[in-house]
Each structure stands twice: as C-alpha cells, then as structure tokens.
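**Student:** Compact mmCIF, C-alpha atoms, file structure-v3.txt:
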```txt
# COMPACT_ATOMS: atom_id res chain seq x y z
CA MET A 209 78.56 70.99 187.53
CA ASP A 210 76.49 68.20 185.96
CA VAL A 211 79.67 66.16 185.66
CA LEU A 212 80.37 66.51 189.38
CA TRP A 213 76.77 65.62 190.24
CA ASP A 214 76.86 62.52 188.05
CA SER A 215 80.04 61.22 189.60
CA THR A 216 80.22 59.52 192.97
CA ASP A 217 83.97 60.01 193.36
CA PRO A 218 85.95 63.25 193.53
CA LEU A 219 87.31 64.17 190.11
CA THR A 220 90.43 65.93 188.94
CA VAL A 221 90.33 68.79 186.45
CA ARG A 222 91.54 66.43 183.73
CA GLN A 223 88.81 63.88 184.48
CA VAL A 224 86.12 66.58 184.38
CA GLY A 225 87.51 67.81 181.07
CA LEU A 226 87.43 64.30 179.62
CA ARG A 227 83.79 63.87 180.61
CA LEU A 228 82.77 67.12 178.96
CA THR A 229 83.03 65.32 175.64
CA ASN A 230 80.44 67.44 173.88
CA ARG A 231 82.51 70.56 174.32
CA ASP A 232 86.07 71.20 173.38
CA LEU A 233 87.32 73.10 176.41
CA ALA A 234 90.84 74.05 177.32
CA HIS A 235 92.26 72.58 180.50
CA THR A 236 92.63 76.02 182.04
CA THR A 237 89.00 76.86 181.27
CA VAL A 238 87.78 73.81 183.16
CA MET A 239 90.17 74.64 185.98
CA THR A 240 88.86 78.21 186.24
CA VAL A 241 85.24 77.07 186.29
CA LEU A 242 85.92 74.45 188.97
CA ASP A 243 87.87 76.98 190.99
CA ARG A 244 84.96 79.41 190.87
CA LEU A 245 82.46 76.71 191.81
CA ALA A 246 84.65 75.85 194.80
CA LYS A 247 84.89 79.50 195.86
CA LYS A 248 81.12 79.88 195.68
CA GLY A 249 80.67 76.81 197.84
CA PHE A 250 79.07 74.56 195.23
CA ALA A 251 82.06 72.24 195.05
CA ARG A 252 84.45 70.95 197.68
CA ARG A 253 88.04 70.27 196.82
CA GLN A 254 90.92 68.52 198.45
CA ARG A 255 94.51 68.12 197.45
CA ASN A 256 95.47 64.58 196.62
CA GLY A 257 99.12 64.42 195.73
CA ARG A 258 99.72 67.17 193.19
CA ALA A 259 96.21 67.53 191.81
CA TRP A 260 93.05 69.05 193.27
CA HIS A 261 90.09 66.69 193.45
CA TYR A 262 86.66 68.26 193.12
CA GLN A 263 83.37 66.98 194.43
CA ALA A 264 79.84 68.47 194.51
CA ALA A 265 79.14 70.06 197.90
CA ALA A 266 75.52 68.94 197.86
CA ASN A 267 73.46 66.91 195.45
CA ARG A 268 71.40 68.43 192.69
CA GLU A 269 68.10 67.83 194.51
CA ALA A 270 69.21 69.93 197.48
CA TYR A 271 69.84 72.91 195.22
CA VAL A 272 66.59 72.41 193.32
CA THR A 273 64.77 72.37 196.65
CA GLU A 274 66.49 75.58 197.74
CA LEU A 275 65.60 77.18 194.44
CA MET A 276 61.98 76.13 194.66
CA LEU A 277 61.59 77.11 198.31
CA HIS A 278 62.79 80.53 197.40
CA ALA A 279 60.61 80.60 194.31
CA LEU A 280 57.45 79.49 196.10
CA ASP A 281 58.10 82.06 198.80
CA GLN A 282 58.04 79.57 201.61
CA THR A 283 61.03 81.03 203.36
CA GLY A 284 58.65 83.17 205.40
CA ASP A 285 59.46 86.67 204.24
CA ARG A 286 57.75 87.91 201.16
CA SER A 287 60.57 89.93 199.75
CA ALA A 288 60.57 91.71 196.43
CA ALA A 289 63.37 89.53 195.09
CA LEU A 290 61.16 87.41 192.85
CA ALA A 291 57.67 87.88 191.47
CA SER A 292 55.48 84.78 191.44
CA PHE A 293 52.65 84.31 188.97
CA ALA A 294 50.20 83.01 191.56
CA ARG A 295 50.60 82.30 195.22
CA ARG A 296 49.72 78.97 196.68
CA VAL A 297 46.30 78.94 198.28
CA SER A 298 44.92 76.97 201.21
CA ASP A 299 43.27 73.56 200.70
CA SER A 300 39.76 74.87 201.25
CA GLU A 301 40.33 77.69 198.80
CA ALA A 302 41.87 75.31 196.30
CA GLU A 303 38.61 73.36 196.37
CA VAL A 304 36.64 76.56 195.70
CA LEU A 305 38.96 77.37 192.81
CA ARG A 306 38.58 73.88 191.35
CA ARG A 307 34.81 74.27 191.40
CA ALA A 308 35.11 77.67 189.74
CA LEU A 309 37.29 76.06 187.10
CA GLU A 310 34.64 73.41 186.43
CA SER A 311 31.87 75.99 186.31
CA ILE A 312 33.51 77.88 183.48
CA GLY A 313 33.75 74.66 181.54
CA GLU A 314 37.45 73.98 181.94
CA LEU A 315 37.61 70.68 183.73
CA PRO A 316 40.94 69.85 185.29
CA ARG A 317 42.60 67.20 183.23
CA ASP A 318 43.81 65.01 186.05
CA MET B 530 48.72 131.02 207.72
CA PHE B 531 49.01 127.73 209.57
CA PRO B 532 52.40 126.96 211.07
CA PRO B 533 54.25 124.31 209.02
CA VAL B 534 54.44 121.91 211.95
CA LEU B 535 50.64 121.65 212.10
CA VAL B 536 50.29 121.19 208.35
CA LEU B 537 53.01 118.52 208.25
CA ALA B 538 51.54 116.68 211.21
CA ALA B 539 48.14 116.81 209.53
CA VAL B 540 49.64 115.45 206.30
CA ALA B 541 51.38 112.61 208.17
CA GLY B 542 48.14 111.70 209.95
CA GLY B 543 46.04 112.21 206.86
CA THR B 544 48.20 109.96 204.68
CA ALA B 545 47.99 107.19 207.29
CA LEU B 546 44.19 107.50 207.37
CA GLY B 547 44.13 107.67 203.59
CA ALA B 548 46.24 104.53 203.33
CA ALA B 549 43.88 102.70 205.68
CA SER B 550 40.85 103.59 203.58
CA LEU B 551 42.64 102.93 200.28
CA ALA B 552 43.58 99.45 201.52
CA SER B 553 39.91 98.51 201.82
CA ALA B 554 38.69 100.41 198.75
CA ARG B 555 37.56 98.46 195.69
CA TRP B 556 37.97 101.07 192.97
CA PRO B 557 41.74 100.39 192.68
CA TYR B 558 40.88 97.03 191.05
CA ARG B 559 39.39 98.97 188.17
CA SER B 560 42.49 101.09 187.53
CA PRO B 561 45.45 99.48 189.30
CA GLY B 562 47.99 101.79 187.65
CA ALA B 563 46.44 104.98 189.04
CA ALA B 564 45.97 103.35 192.43
CA ILE B 565 49.63 102.29 192.60
CA LEU B 566 50.67 105.86 191.86
CA LEU B 567 48.46 107.04 194.72
CA TRP B 568 50.00 104.44 197.06
CA GLN B 569 53.50 105.60 196.18
CA ALA B 570 52.51 109.22 196.77
CA LEU B 571 50.93 108.31 200.12
CA GLY B 572 54.08 106.51 201.23
CA LEU B 573 56.48 109.24 200.13
CA SER B 574 54.28 111.99 201.52
CA TRP B 575 53.93 110.22 204.87
CA GLY B 576 57.70 109.82 205.19
CA LEU B 577 58.45 113.43 204.27
CA ALA B 578 55.68 114.80 206.50
CA ALA B 579 56.62 112.67 209.52
CA VAL B 580 60.29 113.66 209.28
CA GLY B 581 59.31 117.23 208.49
CA ALA B 582 56.84 117.60 211.38
CA LEU B 583 59.52 116.62 213.89
CA ALA B 584 62.03 118.91 212.21
CA ALA B 585 59.52 121.78 212.22
CA LEU B 586 59.11 121.41 215.98
CA GLY B 587 62.79 122.15 216.45
CA ALA B 588 63.19 124.62 213.61
CA VAL B 589 63.63 128.37 213.97
CA PRO B 590 61.61 130.51 211.55
CA GLY B 591 63.67 131.49 208.54
CA ARG B 592 63.60 132.00 204.82
CA HIS B 593 64.54 128.49 203.74
CA GLY B 594 61.57 126.42 204.87
CA VAL B 595 61.53 123.73 207.53
CA ALA B 596 64.74 122.08 206.35
CA GLY B 597 66.75 125.32 206.57
CA GLY B 598 65.07 126.23 209.85
CA ALA B 599 65.91 122.87 211.35
CA LEU B 600 69.58 123.24 210.42
CA SER B 601 69.84 126.73 211.92
CA GLY B 602 67.83 125.52 214.91
CA ALA B 603 70.33 122.75 215.50
CA ALA B 604 73.26 125.12 215.01
CA ARG B 605 71.79 127.65 217.46
CA ALA B 606 71.06 124.98 220.09
CA ILE B 607 74.57 123.55 219.86
CA ARG B 608 76.13 127.01 220.03
CA SER B 609 74.12 127.94 223.10
CA ALA B 610 75.02 124.65 224.78
CA ALA B 611 78.71 125.17 224.01
CA LEU B 612 79.00 128.87 224.77
CA GLY B 613 76.37 129.26 227.42
CA PHE B 614 74.28 132.01 225.85
CA GLY B 615 71.21 132.25 223.68
CA PRO B 616 67.98 130.42 224.54
CA PRO B 617 67.65 128.81 227.98
CA ALA B 618 69.21 125.34 228.31
CA LEU B 619 65.88 123.54 228.64
CA ILE B 620 64.60 124.88 225.31
CA ALA B 621 67.91 124.12 223.60
CA THR B 622 67.83 120.53 224.88
CA ALA B 623 64.23 120.03 223.79
CA ARG B 624 65.02 121.50 220.39
CA LEU B 625 68.01 119.20 219.94
CA ALA B 626 65.93 116.18 221.03
CA VAL B 627 63.19 116.65 218.43
CA LEU B 628 65.73 117.43 215.71
CA ALA B 629 67.66 114.28 216.60
CA ALA B 630 64.40 112.28 216.46
CA SER B 631 63.67 113.75 213.03
CA ALA B 632 67.14 112.91 211.75
CA ALA B 633 66.90 109.40 213.23
CA LEU B 634 63.57 108.73 211.51
CA PHE B 635 64.97 109.98 208.21
CA ALA B 636 68.09 107.84 208.60
CA LEU B 637 65.96 104.82 209.52
CA LEU B 638 63.78 105.15 206.42
CA VAL B 639 66.78 105.56 204.13
CA TRP B 640 68.64 102.71 205.82
CA VAL B 641 65.66 100.37 205.58
CA LEU B 642 65.38 101.02 201.87
CA LEU B 643 69.09 100.47 201.26
CA ALA B 644 69.19 97.32 203.38
CA ALA B 645 66.16 95.86 201.60
CA SER B 646 67.67 96.65 198.20
CA ALA B 647 70.92 94.99 199.18
CA ALA B 648 69.10 91.91 200.52
CA VAL B 649 67.08 91.64 197.32
CA LEU B 650 70.22 91.91 195.17
CA VAL B 651 71.99 89.21 197.19
CA ALA B 652 68.98 86.89 197.03
CA ARG B 653 68.61 87.38 193.28
CA ARG B 654 72.30 86.81 192.70
CA ARG B 655 72.19 83.51 194.54
CA HIS B 656 69.03 82.59 192.66
CA ARG B 657 70.61 83.40 189.30
CA ILE B 658 73.65 81.28 190.08
CA LEU B 659 71.42 78.36 191.05
CA LEU B 660 69.42 78.83 187.86
CA SER B 661 72.57 78.85 185.74
CA LEU B 662 73.53 75.52 187.29
CA LEU B 663 70.12 73.84 187.31
CA ALA B 664 67.75 75.33 184.75
CA HIS B 665 67.52 74.64 181.04
CA GLY B 666 65.52 75.97 178.11
CA ASP B 667 62.45 74.29 176.70
CA PRO B 668 60.75 74.78 173.31
CA LYS B 669 57.33 74.82 175.01
CA VAL B 670 58.19 78.06 176.78
CA PRO B 671 60.47 80.11 174.50
CA GLY B 672 62.59 82.62 176.37
CA ALA B 673 61.98 81.04 179.76
CA LEU B 674 64.04 78.71 181.92
CA VAL B 675 62.73 75.38 183.17
CA VAL B 676 63.57 73.86 186.55
CA ASP B 677 62.88 70.14 186.94
CA HIS B 678 60.61 70.02 189.93
CA PRO B 679 57.08 68.60 190.19
CA ALA B 680 55.61 71.54 192.15
CA ALA B 681 53.91 74.26 190.14
CA ALA B 682 55.90 77.47 190.08
CA ALA B 683 56.07 80.31 187.59
CA TYR B 684 57.93 83.47 188.42
CA CYS B 685 60.42 86.01 187.23
CA VAL B 686 63.77 87.17 188.54
CA PRO B 687 63.84 90.89 187.82
CA GLY B 688 67.03 92.80 187.23
CA LEU B 689 69.27 93.88 184.41
CA ARG B 690 69.61 90.26 183.32
CA SER B 691 66.04 89.27 184.04
CA LYS B 692 64.79 85.70 183.79
CA ILE B 693 61.42 83.99 183.61
CA VAL B 694 61.33 80.60 185.29
CA ILE B 695 58.76 77.84 184.90
CA SER B 696 58.87 74.58 186.84
CA ALA B 697 58.38 71.23 185.16
CA GLY B 698 55.26 70.87 187.31
CA THR B 699 53.77 73.95 185.68
CA LEU B 700 54.64 72.63 182.20
CA ASP B 701 52.62 69.51 182.98
CA LEU B 702 49.78 71.43 184.57
CA LEU B 703 49.08 74.05 181.90
CA ASP B 704 48.34 73.80 178.20
CA SER B 705 50.28 75.85 175.68
CA ALA B 706 47.76 78.71 175.58
CA GLU B 707 47.84 79.04 179.36
CA LEU B 708 51.63 78.94 179.36
CA ALA B 709 51.67 81.77 176.84
CA ALA B 710 49.38 83.78 179.14
CA VAL B 711 51.71 83.15 182.09
CA LEU B 712 54.72 84.26 180.04
CA ALA B 713 52.91 87.41 178.94
CA HIS B 714 52.10 88.18 182.57
CA GLU B 715 55.69 87.69 183.72
CA ARG B 716 57.10 89.68 180.82
CA ALA B 717 54.83 92.56 181.84
CA HIS B 718 56.37 92.45 185.33
CA LEU B 719 59.88 92.55 183.92
CA ARG B 720 59.22 95.24 181.33
CA ALA B 721 57.63 97.66 183.79
CA ARG B 722 60.08 96.78 186.62
CA HIS B 723 57.21 96.16 189.02
CA ASP B 724 59.75 94.88 191.53
CA LEU B 725 60.99 98.45 191.99
CA VAL B 726 57.44 99.57 192.77
CA LEU B 727 57.14 96.89 195.42
CA LEU B 728 60.57 97.31 196.99
CA PRO B 729 59.89 100.33 199.27
CA PHE B 730 56.69 98.74 200.58
CA SER B 731 58.44 95.45 201.24
CA ALA B 732 61.26 97.38 202.94
CA LEU B 733 58.80 99.18 205.23
CA GLY B 734 57.18 95.84 205.99
CA ARG B 735 60.52 94.48 207.13
CA ALA B 736 61.24 97.57 209.22
CA PHE B 737 57.84 97.57 210.93
CA PRO B 738 56.71 93.94 210.90
CA ARG B 739 54.08 94.57 213.56
CA ALA B 740 52.43 97.58 211.97
CA ARG B 741 49.16 96.34 210.51
CA LEU B 742 48.80 99.30 208.17
CA VAL B 743 52.25 98.73 206.66
CA ARG B 744 51.49 95.04 206.10
CA GLN B 745 48.17 95.95 204.51
CA ALA B 746 49.83 98.52 202.26
CA HIS B 747 52.41 95.99 201.10
CA ALA B 748 49.83 93.29 200.43
CA THR B 749 47.54 95.70 198.60
CA VAL B 750 50.26 97.10 196.36
CA ALA B 751 51.50 93.57 195.64
CA LEU B 752 48.00 92.60 194.52
CA LEU B 753 47.62 95.75 192.40
CA VAL B 754 50.93 95.04 190.69
CA GLU B 755 49.69 91.54 189.80
CA MET B 756 46.47 93.02 188.42
CA LEU B 757 48.48 95.48 186.37
CA ALA B 758 50.50 92.61 184.88
CA ASP B 759 47.25 90.68 184.28
CA ASP B 760 45.91 93.67 182.35
CA GLN B 761 49.07 93.82 180.25
CA ALA B 762 48.84 90.10 179.51
CA LEU B 763 45.22 90.58 178.41
CA ARG B 764 46.41 92.70 175.51
CA GLN B 765 47.97 89.60 173.99
CA ARG B 766 45.95 86.70 175.39
CA PRO B 767 42.27 86.13 176.17
CA ALA B 768 41.17 86.50 179.80
CA ARG B 769 39.99 82.92 179.96
CA GLU B 770 43.48 81.47 179.43
CA LEU B 771 44.94 83.65 182.16
CA ALA B 772 42.09 82.84 184.54
CA THR B 773 42.36 79.09 184.08
CA ALA B 774 46.15 79.30 184.40
CA LEU B 775 45.73 81.18 187.69
CA LEU B 776 43.17 78.69 188.95
CA ARG B 777 45.31 75.70 188.07
CA VAL B 778 48.53 77.08 189.54
CA GLY B 779 46.76 78.40 192.64
CA ALA B 780 44.85 75.18 193.21
CA SER B 781 47.81 72.92 192.49
CA GLY B 782 48.13 72.20 196.19
CA ALA B 783 51.08 72.15 198.48
CA GLY B 784 53.40 69.89 196.59
CA LEU B 785 56.54 71.06 198.31
CA ALA B 786 56.99 71.33 202.04
CA PRO B 787 60.01 69.25 202.95
CA THR B 788 60.84 71.07 206.16
CA GLY B 789 57.42 72.24 207.21
CA ALA B 790 58.27 75.57 205.68
CA LEU B 791 54.73 75.91 204.37
CA ALA B 792 53.33 75.78 207.87
CA ALA B 793 55.86 78.39 208.94
CA THR B 794 54.41 80.97 206.60
CA GLY B 795 51.31 80.89 208.80
CA THR B 796 47.60 81.01 208.23
CA ALA B 797 47.56 84.77 207.79
CA ALA B 798 49.74 84.51 204.70
CA ALA B 799 47.59 81.69 203.34
CA GLY B 800 44.50 83.84 203.95
CA THR B 801 45.86 86.75 201.91
CA ALA B 802 46.97 84.38 199.14
CA ASP B 803 43.40 83.03 198.99
CA ALA B 804 41.94 86.50 198.75
CA GLU B 805 44.48 87.58 196.13
CA VAL B 806 44.00 84.72 193.72
CA THR B 807 40.22 84.87 194.14
CA ALA B 808 40.16 88.61 193.49
CA ARG B 809 42.30 88.30 190.38
CA VAL B 810 40.23 85.45 188.94
CA ALA B 811 36.96 87.26 189.67
CA ARG B 812 38.34 90.35 187.96
CA LEU B 813 39.30 88.35 184.87
CA LEU B 814 36.03 86.46 184.58
CA THR B 815 33.72 89.43 185.22
CA PRO B 816 35.69 92.45 184.03
CA GLN B 817 34.67 95.90 185.25
CA ALA B 818 35.04 99.10 183.30
CA ARG B 819 38.17 101.11 183.98
CA LEU B 820 37.73 104.33 185.89
CA PRO B 821 36.75 107.22 183.60
CA ARG B 822 39.65 109.31 182.30
CA HIS B 823 38.82 112.37 184.38
CA VAL B 824 38.66 110.32 187.59
CA GLN B 825 42.07 108.82 186.82
CA ALA B 826 43.42 112.32 186.18
CA LEU B 827 41.97 113.40 189.52
CA VAL B 828 43.75 110.54 191.28
CA CYS B 829 47.06 111.54 189.64
CA CYS B 830 46.55 115.17 190.71
CA ALA B 831 45.85 114.05 194.26
CA ALA B 832 49.08 112.01 194.20
CA ALA B 833 51.08 115.01 192.95
CA LEU B 834 49.54 117.28 195.58
CA LEU B 835 50.32 114.79 198.35
CA VAL B 836 54.01 114.96 197.56
CA ALA B 837 54.10 118.66 196.66
CA VAL B 838 52.73 119.91 200.00
CA PRO B 839 55.45 118.46 202.31
CA VAL B 840 58.23 119.17 199.78
CA THR B 841 57.15 122.82 199.50
CA LEU B 842 56.98 123.26 203.27
CA LEU B 843 60.39 121.64 203.72
CA LEU B 844 62.10 123.90 201.20
CA PHE B 845 60.27 127.23 201.24
CA SER B 846 58.95 129.69 203.80
CA PHE B 847 55.87 131.85 203.40
```
Represent the structure of the file as structure tokens.

**Tutor:**
Amino acid sequence: MDVLWDSTDPLTVRQVGLRLTNRDLAHTTVMTVLDRLAKKGFARRQRNGRAWHYQAAANREAYVTELMLHALDQTGDRSAALASFARRVSDSEAEVLRRALESIGELPRD
Amino acid sequence: MFPPVLVLAAVAGGTALGAASLASARWPYRSPGAAILLWQALGLSWGLAAVGALAALGAVPGRHGVAGGALSGAARAIRSAALGFGPPALIATARLAVLAASAALFALLVWVLLAASAAVLVARRRHRILLSLLAHGDPKVPGALVVDHPAAAAYCVPGLRSKIVISAGTLDLLDSAELAAVLAHERAHLRARHDLVLLPFSALGRAFPRARLVRQAHATVALLVEMLADDQALRQRPARELATALLRVGASGAGLAPTGALAATGTAAAGTADAEVTARVARLLTPQARLPRHVQALVCCAAALLVAVPVTLLLFSF
C-alpha cells in the first residue's frame, strides 16, 4: 500500500513488485495483495490494455484521519469497539488539569 | 406467598431504583470490581424481571414457574380463539397481548445485544485493517503499534487478535515511564476483556438513547472499568506516572477536529469526560482504602441474589 501511496500514477502489478525491492515477492503474491486491496476499497483499478493498473483510492492522510477520529471517539457514539486511555476534556478542564499537574511538581515540558 | 407477578414487578422497579442510587454512589470508586459485578447483576435482573413480570400477567398457574405458565397461557388463549371455547374472548385477547409484549421486550433486548456486538466487530475489523496498512512498531513502546498523527491518542482494540495503539503525538507527550504506565493500563483492559463488560451497557444505550438512567449506567460502568484497569496498572507502575500520563493526555487539547466532529459530540459528552478524568486522577493522587473484605462479599451476595430471584420465579412454582 505504501508503494501506491508514494506513486502519483497508477501502477501495474509488475511495477509494484519492482518497487518492493526490500522483499523478494512472487508476482502472484503481489497480484493477490493488490486484488484484495481493490476488493476492500483501498485501491482503485482500471484495465489498460492487458494489464490492471492500481491506484490508491484515497491518500494516506485520509485513512490516518479516519483511524484517529474513530480512536478519539469523535464519531459521536461511544461504542465498545475501542477502549481509550483517557478521554479528551474541555478547555476549561484542561486548564484545571494543567494546574494540578504543576501542583504535584510535574511541570509540562512544553 | 406473594404472586410472582408482584415480586417480578417489584424486582424490575427495585433494580431501576438501585441503579439510580448506585450511579451517584461513591463507594464503587473504592472497589470497582465488586461494583461492576453489582451493575451487571442489576442489568440482568432488570431485564429478566421486566420480561418475567409481563409474562406472569398472562401466565396460568402451573408447576413450571412463570415461563411454563406463560407458554401454557399462550397455548390456551390461542386454542380458545381458534375453537371458540375456554375463557371468554376478552380475557384471551388480554392474555395474548401481555404475552406478546413480554416476548417483544425479550426479543428487543436480545436483538439489541446481537446488533451491538455485530457493529462492534465490524468497526474493529475496519480498524484492524487500517492499522495493518498505517501503523508500525516502535522500540519506545514494545508490543504496541504507532500511528503517525500529532494528536494524543492511546487505546486498545480488543478481540482475539488484540492491539494496543499509541499515536506519535502521545509518544512526544509522555516520557518513557508514563508510556509504560499507559501500556500497563491498556494491557489490563485486554487481559480482562473489559470490552465484554461494557458491551451490554453500550448496547442498551444505543437501544434507549433518551433514557437518562441507561446513559448514566453506561457512563458509570465505563468509568469503573477504567478505574479497574488503573488499579491493575498500579501493580506494576507507581501511581504518579499513571496520574501524570492521564493529566497530559487529557489536557492535550483538541488537536484533531477537521470536520467539526468534536463539536458534534456535544457539551454533555465533554462534561462527563471532564468528570471521569478528574475522578481518576483524584483517586490516583489520594488513594482510598478498598472496601473491607466482608463488605465486598456482601456486595457479591447481593448481586447473586438479584439474579437468583427472577430466575427462580421464571423456572419454578411454589
């Protein structure tokens, strides 16, 4: 997936395989992975001549944002899907917490 | 002997009252584990008693408790409607109506739980796929995944293949001791499958979004589960590290609100988050003694009794 994100143009299976230089992967392995990414909606593909060309469906930042929105529970419903360490507090409360932090001798380092 | 319908109705009402007072009680902070058990018993007992009270209204007296009586009551009412003999039509209709209401409530509760479980599984699956594409390991947090984002987030994805996730923002925010405390806290969640404790309450919250008591119950149990994980983390790390980690993460400000999603969660949610983090920090900085053993045992007995009474009445006659 990183290869698709780093490329501006749609890539064929062979091109993706060539860019995965750190790993020695069989052509069919790369093809299977790309096929699955396309089926899950992470990659778009179009036929160009005889070969499929793959492209990322959205950029990396969009997925990171989705991940973090879900993680920070800002989608509105507090489901039991994930368990956050601490929930985000309001600005006024954050100020109270910062003062509490100072009072126990742990000054924020910023 | 009191008729079962009165006892069950009293249990249903009593558990609701009990839940309301437990939500505002402070002793659960001292022994969150026992309090969670009591919450679970209250919820289960309420569901059984509410379904059972309706069923008892339409049941005919018999040897097999309210459940058996309800079944024969339904059979008798249907037979009399079909064949035109037996109890008068009005009574048969009324009996069928309350039995149908009882069955509908039971089906609703089961459905809500199944739907919530399915939704949670789907959400986690999507989250795991995203993590596999985006996250990477980091020597600063062994065993956890790191997502490159400046906002502070630390959480776990429970399940058979559970994951602990830390954002790059959190890595910058916390020192190594605090990170270790966060990891200990999250590992406690995963080990004890706290998500399964929370699931029924979250499911009820989805089913009855306007019921204040249900919302309160969910929020309270969620807080108790966090306190339980805090306590577990304290076995490995000093309270101070956990408290400063909580303060830093909580106070890290709204670093991520690209679509105004933060505003959408509303002030009520922000209010409970304030109270939660404050209560946890206060508990860590000025620890209170756990409840004495015999009081904890008493709470567990009360929980067992709460469930035993409706189950007994549903299955046995006296």

**Student:** Got a sec: who's within 8 Å of Val211 of chain A, counting only C-alpha atoms, leaving out chain neighbours fewer than 5 positions off, as number ranges by chain?

**Tutor:** A: 224, 227-228

**Student:** Determine the nearest neighbour of chain B from the options A:Lys248, A:Arg222, A:His235, A:Arg253, counting only C-alpha atoms.

**Tutor:**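 Residue with the minimum atom-to-atom distance to chain B: A:Lys248.
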
**Student:** Could you list the residues in chain B lying within 7 Å of chain A, using only C-alpha atoms, and format the result as a VMD selection string?

**Tutor:** chain B and resid 649 652 to 653 656 659 662 682 to 687 715 724 727 to 728 731 773 775 to 776 778 to 780 782 790 to 791 793 to 794 799 802 to 803 806

**Student:** Could you turn the residues from that selection into a file that holds C-alpha atoms, as a PDB file, in the frame of the given file?

**Tutor:**
```pdb
ATOM      1  CA  VAL B 649      67.080  91.640 197.320  1.00  0.00           C
ATOM      2  CA  ALA B 652      68.980  86.890 197.030  1.00  0.00           C
ATOM      3  CA  ARG B 653      68.610  87.380 193.280  1.00  0.00           C
ATOM      4  CA  HIS B 656      69.030  82.590 192.660  1.00  0.00           C
ATOM      5  CA  LEU B 659      71.420  78.360 191.050  1.00  0.00           C
ATOM      6  CA  LEU B 662      73.530  75.520 187.290  1.00  0.00           C
ATOM      7  CA  ALA B 682      55.900  77.470 190.080  1.00  0.00           C
ATOM      8  CA  ALA B 683      56.070  80.310 187.590  1.00  0.00           C
ATOM      9  CA  TYR B 684      57.930  83.470 188.420  1.00  0.00           C
ATOM     10  CA  CYS B 685      60.420  86.010 187.230  1.00  0.00           C
ATOM     11  CA  VAL B 686      63.770  87.170 188.540  1.00  0.00           C
ATOM     12  CA  PRO B 687      63.840  90.890 187.820  1.00  0.00           C
ATOM     13  CA  GLU B 715      55.690  87.690 183.720  1.00  0.00           C
ATOM     14  CA  ASP B 724      59.750  94.880 191.530  1.00  0.00           C
ATOM     15  CA  LEU B 727      57.140  96.890 195.420  1.00  0.00           C
ATOM     16  CA  LEU B 728      60.570  97.310 196.990  1.00  0.00           C
ATOM     17  CA  SER B 731      58.440  95.450 201.240  1.00  0.00           C
ATOM     18  CA  THR B 773      42.360  79.090 184.080  1.00  0.00           C
ATOM     19  CA  LEU B 775      45.730  81.180 187.690  1.00  0.00           C
ATOM     20  CA  LEU B 776      43.170  78.690 188.950  1.00  0.00           C
ATOM     21  CA  VAL B 778      48.530  77.080 189.540  1.00  0.00           C
ATOM     22  CA  GLY B 779      46.760  78.400 192.640  1.00  0.00           C
ATOM     23  CA  ALA B 780      44.850  75.180 193.210  1.00  0.00           C
ATOM     24  CA  GLY B 782      48.130  72.200 196.190  1.00  0.00           C
ATOM     25  CA  ALA B 790      58.270  75.570 205.680  1.00  0.00           C
ATOM     26  CA  LEU B 791      54.730  75.910 204.370  1.00  0.00           C
ATOM     27  CA  ALA B 793      55.860  78.390 208.940  1.00  0.00           C
ATOM     28  CA  THR B 794      54.410  80.970 206.600  1.00  0.00           C
ATOM     29  CA  ALA B 799      47.590  81.690 203.340  1.00  0.00           C
ATOM     30  CA  ALA B 802      46.970  84.380 199.140  1.00  0.00           C
ATOM     31  CA  ASP B 803      43.400  83.030 198.990  1.00  0.00           C
ATOM     32  CA  VAL B 806      44.000  84.720 193.720  1.00  0.00           C
TER      33      VAL B 806
END
```

**Student:** Between B:Leu814, B:Val726, B:Ala717, B:Leu663, which has the minimum distance to Asn267 of chain A (counting only C-alpha atoms)?

**Tutor:**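 Counting only C-alpha atoms, the residue closest to Asn267 of chain A is B:Leu663.
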
**Student:** Quick one: everything within 9 Å of segment 735-742 of chain B, counting all atoms listed in the file, minus sequence neighbours fewer than 2 positions away in the same chain. Send it as an MDAnalysis selection string.

**Tutor:** (chainID A and resid 285 287) or (chainID B and resid 545 548:549 552 637:638 641 645 730:733 744:747)

**Student:** Give me, as a VMD selection string, all polymer residues having an atom no more than 6 Å from Leu753 of chain B, counting only C-alpha atoms and skipping those fewer than 3 positions away in the same chain.

**Tutor:** chain B and resid 561 750 756

**Student:** One decimal, Å: what's the distance from atom CA of Arg766 of chain B over to atom CA of Ala709 of chain B, could you say?

**Tutor:**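 Separation between atom CA of Arg766 of chain B and atom CA of Ala709 of chain B: 7.7 Å.
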
**Student:** With only C-alpha atoms as the basis for distance, which of B:Leu771, B:Ala630, B:Leu844, B:Ala831 is at the shortest distance from Leu813 of chain B?

**Tutor:**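 For Leu813 of chain B, the nearest of the given residues is B:Leu771.
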
**Student:** Using Å and a single decimal, report how far atom CA of Ser661 of chain B sits from atom CA of Ala647 of chain B.

**Tutor:**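 The value is 21.1 Å.
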
**Student:** Go ahead and compute the interatomic distance for atom CA of Arg655 of chain B and atom CA of Arg690 of chain B, in Å to one decimal.

**Tutor:** 13.3 Å

**Student:** In terms of the shortest atom-to-atom distance over all atoms listed in the file, which of A:Thr229, A:Thr236, A:Thr220, A:Ser215 is closest to Gly257 of chain A?

**Tutor:**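 Closest to Gly257 of chain A of all the choices is A:Thr220.
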
**Student:** Show me, as AutoDock Vina command-line options, the centre and edge lengths in Å to one decimal of the axis-aligned box that covers every listed atom of segment 211-220 of chain A with 3 Å on each side.

**Tutor:**
```
--center_x 83.6 --center_y 63.0 --center_z 189.6 --size_x 19.7 --size_y 13.0 --size_z 13.9
```

**Student:** Go through B:Glu770, B:Val651, B:Leu843, B:Glu755 one by one, measure the shortest atom-to-atom distance of each to Ala599 of chain B using all atoms listed in the file, and give the residue with the smallest value.

**Tutor:** B:Leu843

**Student:** Using all atoms listed in the file, which of B:Ala564, B:Ala633, B:Ala606, B:Leu571 sits nearest Val838 of chain B?

**Tutor:**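 Looking at the shortest contact to Val838 of chain B, the residue is B:Leu571.
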
**Student:** Report as a PDB file with C-alpha atoms, in the coordinates of the input all protein, DNA and RNA residues lying within 8 Å of Ala265 of chain A, evaluated on only C-alpha atoms, omitting residues in the same chain fewer than 6 positions from it.

**Tutor:**
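Full text of part_20.pdb as output:
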```pdb
ATOM      1  CA  GLY A 249      80.670  76.810 197.840  1.00  0.00           C
ATOM      2  CA  PHE A 250      79.070  74.560 195.230  1.00  0.00           C
ATOM      3  CA  ALA A 251      82.060  72.240 195.050  1.00  0.00           C
ATOM      4  CA  ARG A 252      84.450  70.950 197.680  1.00  0.00           C
TER       5      ARG A 252
END
```
